[in-house]
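Trainee: This structure is in C-alpha cells; I'll ask about it shortly.
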Amino acid sequence: MEKAKKIKLFIGLFYLILISVFLFFFFSKFSFQEITSYDFIKKNRSYFFELKNTNLFLIFTIFLCVTILWVFPFLGFGSPIALLGGFIFGKWIGTIVVVLGLSIGATFFFVSLKKKDIKKLNISFVS
C-alpha cells in the first residue's frame with residue numbers, strides 16, 4: 001500500500017477510535033436526558049469555572065498543547081476547539097488560547113510539509 005494511503009488510514013482509524021472511546025466513557029457516566037437539559041450545562045459550567053479559577057495557568061497550558069496536537073498531527077478542524085475554549089475560558093482568554101494554539105499547530109504542519117517537498121504531493125492551490 002502507498003505510504004499516503006497508510007497515513008490516511010491511520011488518521012481515520014485514530015479519529016474513529018478516539019471518538020468511540022470518548023463517547024463510551026461519556027455516555028457511561030451521563031444519560032442522553034441529562035446532557036440535553038439546561039441544568040446539566042449549568043452544573044458543569046460551574047465545575048469548569050472553578051477549575052479555571054484554581055489552576056488557570058495549568059489549564060491554559062494543557063488546552064494549548066491539546067489544541068496544537070489537534071491541528072498538527074491529527075489534522076482536526078478548529079470549530080470544536082473554538083467552542084470548547086470559549087466555554088471554558090470565556091471570550092477573551094478563550095480567543096487568545098484558541099488562536100495561539102491553532103496558529104502554532106498550523107505552522108508546525110506547514111513546516112513539516114515544506115520539509116517533505118510540497119511539489120511531490122501534487123497539491124494545487126490554484127483552481
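Labels used: A, B, ... for chains in the order of the C-alpha cells, numbers from 1 for residues in each chain, and numbers from 1 for ligands as shown.
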Mind listing the helix (DSSP H, G or I) residues of chain A, per DSSP on the backbone, as a PyMOL selection string?

Mentor: chain A and resi 3-29+32-35+38-54+56-71+79-89+91-115+118-121

Trainee: Please indicate the distance in Å from CA of Ile104 in chain A to CA of Ile68 in chain A, rounded to one decimal place.

Mentor: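 Computing it gives 6.3 Å between the two atoms.
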
Trainee: For Val66 in chain A, list every protein, DNA or RNA residue within 9 Å, evaluated using only C-alpha atoms, and leave out those in the same chain fewer than 5 positions away; present the list as a PDB file with all heavy atoms, in the first residue's frame.

Mentor:
```
ATOM      1  N   THR A  61      -2.194  25.923  29.696  1.00  0.00           N
ATOM      2  CA  THR A  61      -1.099  25.184  29.058  1.00  0.00           C
ATOM      3  C   THR A  61      -1.575  23.851  28.486  1.00  0.00           C
ATOM      4  O   THR A  61      -1.221  23.500  27.359  1.00  0.00           O
ATOM      5  CB  THR A  61       0.037  24.952  30.074  1.00  0.00           C
ATOM      6  OG1 THR A  61       0.414  26.201  30.643  1.00  0.00           O
ATOM      7  CG2 THR A  61       1.228  24.306  29.419  1.00  0.00           C
ATOM      8  N   VAL A  71      -4.403  20.061  15.790  1.00  0.00           N
ATOM      9  CA  VAL A  71      -4.189  20.577  14.439  1.00  0.00           C
ATOM     10  C   VAL A  71      -3.046  19.863  13.735  1.00  0.00           C
ATOM     11  O   VAL A  71      -3.198  19.414  12.600  1.00  0.00           O
ATOM     12  CB  VAL A  71      -3.896  22.095  14.467  1.00  0.00           C
ATOM     13  CG1 VAL A  71      -3.525  22.606  13.095  1.00  0.00           C
ATOM     14  CG2 VAL A  71      -5.088  22.837  15.004  1.00  0.00           C
ATOM     15  N   GLY A 101      -3.078  28.446  19.749  1.00  0.00           N
ATOM     16  CA  GLY A 101      -2.913  27.015  19.522  1.00  0.00           C
ATOM     17  C   GLY A 101      -3.117  26.613  18.071  1.00  0.00           C
ATOM     18  O   GLY A 101      -2.340  25.826  17.510  1.00  0.00           O
TER      19      GLY A 101
END
```

Trainee: Which neighbours of Phe108 in chain A fall inside 10 Å, counting only C-alpha atoms, when residues of the same chain fewer than 6 positions from it are skipped, and could you give them as a list in words?

Mentor: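 Listed by chain and then number, they are Ile68, Leu69, Val71, Phe72, Pro73, Leu102 and Lys114 of chain A.
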
Trainee: For CA of Ser79 in chain A and CA of Ser103 in chain A, determine how far apart the two atoms are, in Å to one decimal place.

Mentor: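 Separating CA of Ser79 in chain A from CA of Ser103 in chain A is a distance of 13.7 Å.
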
Trainee: How far is it from CA of Glu34 in chain A to CA of Gly86 in chain A, in Å with one decimal?

Mentor: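 Answer for the CA of Glu34 in chain A to CA of Gly86 in chain A separation: 21.7 Å.
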
Trainee: Excluding same-chain residues fewer than 2 positions from Phe74 in chain A, what lies within 12 Å of it counting only C-alpha atoms, as a list in words?

Mentor: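 The residues satisfying every condition are Ile7, Lys8, Leu9, Phe10, Ile11, Gly12, Leu13, Phe14, Tyr15, Leu16, Leu18, Val66, Thr67, Ile68, Leu69, Trp70, Val71, Phe72, Gly76, Phe77, Gly78, Gly105, Ala106, Phe108 and Phe109 of chain A.
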
Trainee: For the selection you just gave me, I'd like the residues written to a file as a short mmCIF file (atom, residue, chain, number, x, y, z; two decimals), in the first residue's frame, keeping C-alpha atoms.

Mentor:
```cif
data_model
loop_
_atom_site.label_atom_id
_atom_site.label_comp_id
_atom_site.auth_asym_id
_atom_site.auth_seq_id
_atom_site.Cartn_x
_atom_site.Cartn_y
_atom_site.Cartn_z
CA ILE A 7 -1.20 7.66 6.78
CA LYS A 8 -4.80 8.49 5.82
CA LEU A 9 -5.93 5.12 7.13
CA PHE A 10 -4.07 5.67 10.40
CA ILE A 11 -5.57 9.13 10.89
CA GLY A 12 -9.07 7.88 10.09
CA LEU A 13 -8.77 4.92 12.44
CA PHE A 14 -7.30 7.12 15.16
CA TYR A 15 -10.25 9.53 14.90
CA LEU A 16 -12.74 6.68 14.94
CA LEU A 18 -10.78 8.32 19.83
CA VAL A 66 -4.12 19.74 23.10
CA THR A 67 -5.04 22.38 20.50
CA ILE A 68 -1.61 22.15 18.87
CA LEU A 69 -1.87 18.34 18.81
CA TRP A 70 -5.41 18.58 17.44
CA VAL A 71 -4.19 20.58 14.44
CA PHE A 72 -0.71 19.30 13.66
CA GLY A 76 -8.57 18.32 13.20
CA PHE A 77 -10.71 21.30 12.31
CA GLY A 78 -10.94 24.26 14.65
CA GLY A 105 -0.31 23.85 15.05
CA ALA A 106 -0.82 25.15 11.51
CA PHE A 108 4.13 23.11 12.52
CA PHE A 109 2.04 21.46 9.81
#
```

Trainee: Would you mind telling me which residue in A:Val111, A:Ile81, A:Leu23, A:Ile35 lies nearest to Cys65 in chain A when using only C-alpha atoms?

Mentor: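 With only C-alpha atoms as the atom set, the closest residue is A:Ile81.
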
Trainee: Show which residues sit within 12 Å of range 56-59 of chain A, as a PyMOL selection string. Count only C-alpha atoms, and ignore same-chain residues fewer than 3 positions away.

Mentor: chain A and resi 48-53+62-67+85+88-89+93-94+97

Trainee: Could you list, as a list in words, every residue within 9 Å of Ala82 in chain A, counting only C-alpha atoms and ignoring same-chain residues fewer than 5 positions away?

Mentor: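 The filter keeps Phe87, Gly94, Thr95, Val98 and Val99 of chain A.
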